[in-house]
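> Dropping in input.tsv, with TSV, C-alpha atoms.
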chain	number	residue	atom	x	y	z
A	1	MET	CA	0.00	0.00	0.00
A	2	PRO	CA	1.77	3.16	-1.21
A	3	THR	CA	1.84	5.99	1.30
A	4	ARG	CA	3.19	9.51	1.46
A	5	HIS	CA	3.74	11.85	4.40
A	6	PHE	CA	2.42	15.41	4.14
A	7	THR	CA	3.11	18.25	6.52
A	8	THR	CA	0.06	19.92	7.99
A	9	ASP	CA	1.02	23.06	6.05
A	10	GLU	CA	1.04	21.11	2.76
A	11	LEU	CA	-2.41	19.73	3.55
A	12	ALA	CA	-3.72	23.19	4.47
A	13	ALA	CA	-2.47	24.51	1.10
A	14	LEU	CA	-4.52	21.77	-0.59
A	15	ASN	CA	-7.59	22.68	1.55
A	16	VAL	CA	-7.39	19.36	3.42
A	17	PRO	CA	-9.53	18.90	5.39
A	18	PRO	CA	-12.16	21.17	3.82
A	19	ASP	CA	-13.87	23.85	5.88
A	20	ASP	CA	-17.26	22.34	5.03
A	21	PRO	CA	-17.39	18.71	3.79
A	22	ASP	CA	-20.71	19.41	2.03
A	23	ASP	CA	-19.24	22.17	-0.12
A	24	ILE	CA	-16.33	20.60	-2.03
A	25	SER	CA	-17.78	20.57	-5.55
A	26	TYR	CA	-15.74	23.60	-6.65
A	27	ASP	CA	-12.47	22.64	-4.95
A	28	GLU	CA	-9.66	21.85	-7.38
A	29	HIS	CA	-7.86	19.45	-4.99
A	30	VAL	CA	-10.48	17.83	-2.74
A	31	LEU	CA	-12.39	15.09	-4.59
A	32	ALA	CA	-14.51	13.64	-1.75
A	33	ASP	CA	-15.01	13.85	1.97
A	34	GLU	CA	-16.63	10.81	3.59
A	35	GLN	CA	-18.02	10.00	7.00
A	36	VAL	CA	-16.11	7.04	8.52
A	37	THR	CA	-17.55	6.78	12.01
A	38	THR	CA	-18.86	8.84	14.89
A	39	LEU	CA	-16.70	8.93	17.99
A	40	LYS	CA	-17.83	10.09	21.41
A	41	TYR	CA	-17.33	13.81	20.81
A	42	THR	CA	-16.15	14.04	17.19
A	43	ALA	CA	-16.77	12.53	13.77
A	44	GLN	CA	-13.99	10.63	12.04
A	45	ARG	CA	-13.89	11.51	8.34
A	46	ARG	CA	-11.78	10.60	5.32
A	47	CYS	CA	-10.72	13.26	2.83
A	48	ILE	CA	-9.79	12.18	-0.72
A	49	PHE	CA	-7.59	14.68	-2.55
A	50	ARG	CA	-5.27	15.10	-5.55
A	51	ALA	CA	-1.76	16.16	-4.58
A	52	ASP	CA	0.90	18.09	-6.49
A	53	ASP	CA	2.35	14.82	-7.88
A	54	ASP	CA	-1.03	14.22	-9.64
A	55	LYS	CA	-1.73	11.15	-7.47
A	56	VAL	CA	-4.84	10.74	-5.33
A	57	TYR	CA	-4.49	10.24	-1.56
A	58	ALA	CA	-6.76	9.74	1.45
A	59	VAL	CA	-6.24	10.97	5.01
A	60	LYS	CA	-8.42	10.43	8.05
A	61	TYR	CA	-9.18	13.32	10.36
A	62	GLU	CA	-11.52	14.28	13.16
A	63	ALA	CA	-14.17	16.94	12.77
A	64	GLU	CA	-16.53	18.61	15.19
A	65	ILE	CA	-20.01	17.11	15.40
A	66	ASP	CA	-22.82	19.51	14.61
A	67	THR	CA	-25.02	19.11	17.69
A	68	GLY	CA	-27.15	22.17	17.17
A	69	ASP	CA	-27.95	23.88	20.47
A	70	TYR	CA	-26.77	20.97	22.62
A	71	GLU	CA	-23.47	21.26	24.42
A	72	VAL	CA	-21.43	18.07	24.01
A	73	GLY	CA	-17.86	17.16	24.90
A	74	GLY	CA	-14.74	19.22	24.64
A	75	GLY	CA	-15.16	20.58	21.11
A	76	MET	CA	-12.79	20.25	18.21
A	77	PRO	CA	-9.64	18.12	18.67
A	78	ASP	CA	-6.28	19.85	18.28
A	79	ASN	CA	-4.99	19.76	14.70
A	80	HIS	CA	-7.85	17.52	13.45
A	81	GLY	CA	-6.65	14.67	15.64
A	82	TRP	CA	-3.29	14.54	13.85
A	83	TYR	CA	-0.22	14.13	16.05
A	84	GLY	CA	3.24	15.28	15.04
A	85	ASP	CA	4.45	17.41	12.16
A	86	THR	CA	3.40	15.05	9.36
A	87	VAL	CA	0.30	13.09	8.41
A	88	GLU	CA	0.42	9.74	6.61
A	89	ALA	CA	-1.75	9.57	3.49
A	90	ILE	CA	-2.62	6.39	1.60
A	91	GLU	CA	-2.62	6.45	-2.19
A	92	VAL	CA	-6.11	5.51	-3.45
A	93	GLU	CA	-7.91	4.95	-6.72
A	94	GLU	CA	-11.57	4.99	-7.64
A	95	ARG	CA	-12.90	1.45	-8.13
A	96	GLU	CA	-16.36	-0.01	-8.58
A	97	VAL	CA	-17.12	-2.42	-5.73
A	98	THR	CA	-19.91	-4.98	-5.49
A	99	VAL	CA	-21.38	-5.29	-2.01
A	100	THR	CA	-23.36	-8.27	-0.74
A	101	ARG	CA	-25.93	-7.58	1.97
A	102	TRP	CA	-28.70	-9.45	3.73
A	103	MET	CA	-31.97	-8.01	2.45
A	104	PRO	CA	-35.65	-8.84	3.09
A	105	VAL	CA	-37.14	-11.44	0.78
A	106	ASP	CA	-39.41	-9.98	-1.89
A	107	ASP	CA	-42.59	-12.03	-2.35
A	108	TYR	CA	-44.99	-11.50	-5.18
A	109	GLN	CA	-48.19	-13.15	-6.45
A	110	VAL	CA	-48.16	-15.10	-9.73
A	111	ASP	CA	-51.58	-16.50	-10.67
A	112	ASP	CA	-52.71	-18.43	-7.59
A	113	TYR	CA	-49.22	-19.47	-6.44
A	114	ARG	CA	-46.98	-17.58	-4.04
A	115	VAL	CA	-43.52	-17.31	-5.54
A	116	SER	CA	-40.44	-16.30	-3.62
A	117	THR	CA	-37.51	-14.62	-5.32
A	118	ARG	CA	-35.01	-16.64	-3.32
Can you turn what I pasted into structure tokens?

Amino acid sequence: MPTRHFTTDELAALNVPPDDPDDISYDEHVLADEQVTTLKYTAQRRCIFRADDDKVYAVKYEAEIDTGDYEVGGGMPDNHGWYGDTVEAIEVEEREVTVTRWMPVDDYQVDDYRVSTR
């Protein structure tokens, strides 16, 4: 798995992480920003971006949870939850993935017989 280390200043110059994950459609570097999981006081997200070497990378970071008027936790983590002077990014590529899930059985009526789609 190819990786590259970016300084926090390099990431900031690429607008990583974005100020608002919902508003990245006009950003020249940030391609996607995805929810990974919700932690106790923050949300863990993954930012996909194109770097200066024309390769695409992903970094995880922590973002503040929008709780509206409710006061929760200690607020935003220092430096997006990144420790040290550099952040490890994983090189990624866009790939179509087939996912298998357990789904409810669809039943339908054919003439007078009940047919299952199993």
> Give me, as a PDB file with C-alpha atoms, keeping the file's coordinate frame, all polymer residues having an atom no more than 8 Å from Tyr61 of chain A, counting only C-alpha atoms and skipping those fewer than 4 positions away in the same chain.

ATOM      1  CA  PRO A  17      -9.530  18.900   5.390  1.00  0.00           C
ATOM      2  CA  GLN A  44     -13.990  10.630  12.040  1.00  0.00           C
ATOM      3  CA  ARG A  45     -13.890  11.510   8.340  1.00  0.00           C
ATOM      4  CA  ARG A  46     -11.780  10.600   5.320  1.00  0.00           C
ATOM      5  CA  CYS A  47     -10.720  13.260   2.830  1.00  0.00           C
ATOM      6  CA  HIS A  80      -7.850  17.520  13.450  1.00  0.00           C
ATOM      7  CA  GLY A  81      -6.650  14.670  15.640  1.00  0.00           C
ATOM      8  CA  TRP A  82      -3.290  14.540  13.850  1.00  0.00           C
TER       9      TRP A  82
END
> In Å, rounded to a single decimal, give me how far atom CA of Ala12 of chain A is from atom CA of Asp53 of chain A.
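Spanning atom CA of Asp53 of chain A to atom CA of Ala12 of chain A is a straight-line distance of 16.1 Å.
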> Using atom CA of Gln35 of chain A and atom CA of Ala63 of chain A as the two end points, give the distance in Å to one decimal.
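A separation of 9.8 Å between them.
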> Taking (-7.4, 10.8, 1.0) in the file's coordinates as the center, which residues reach within 10 Å of it, counting all atoms listed in the file, put as a list in words?
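Checked against the point, the hits come out as Val16, Pro17, Val30, Leu31, Ala32, Asp33, Glu34, Arg45, Arg46, Cys47, Ile48, Phe49, Arg50, Ala51, Val56, Tyr57, Ala58, Val59, Lys60, Tyr61, Glu88, Ala89, Ile90, Glu91, Val92 and Glu93 of chain A.
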> One decimal, Å: what's the distance from atom CA of Val87 of chain A over to atom CA of Asp9 of chain A, could you say?
10.3 Å
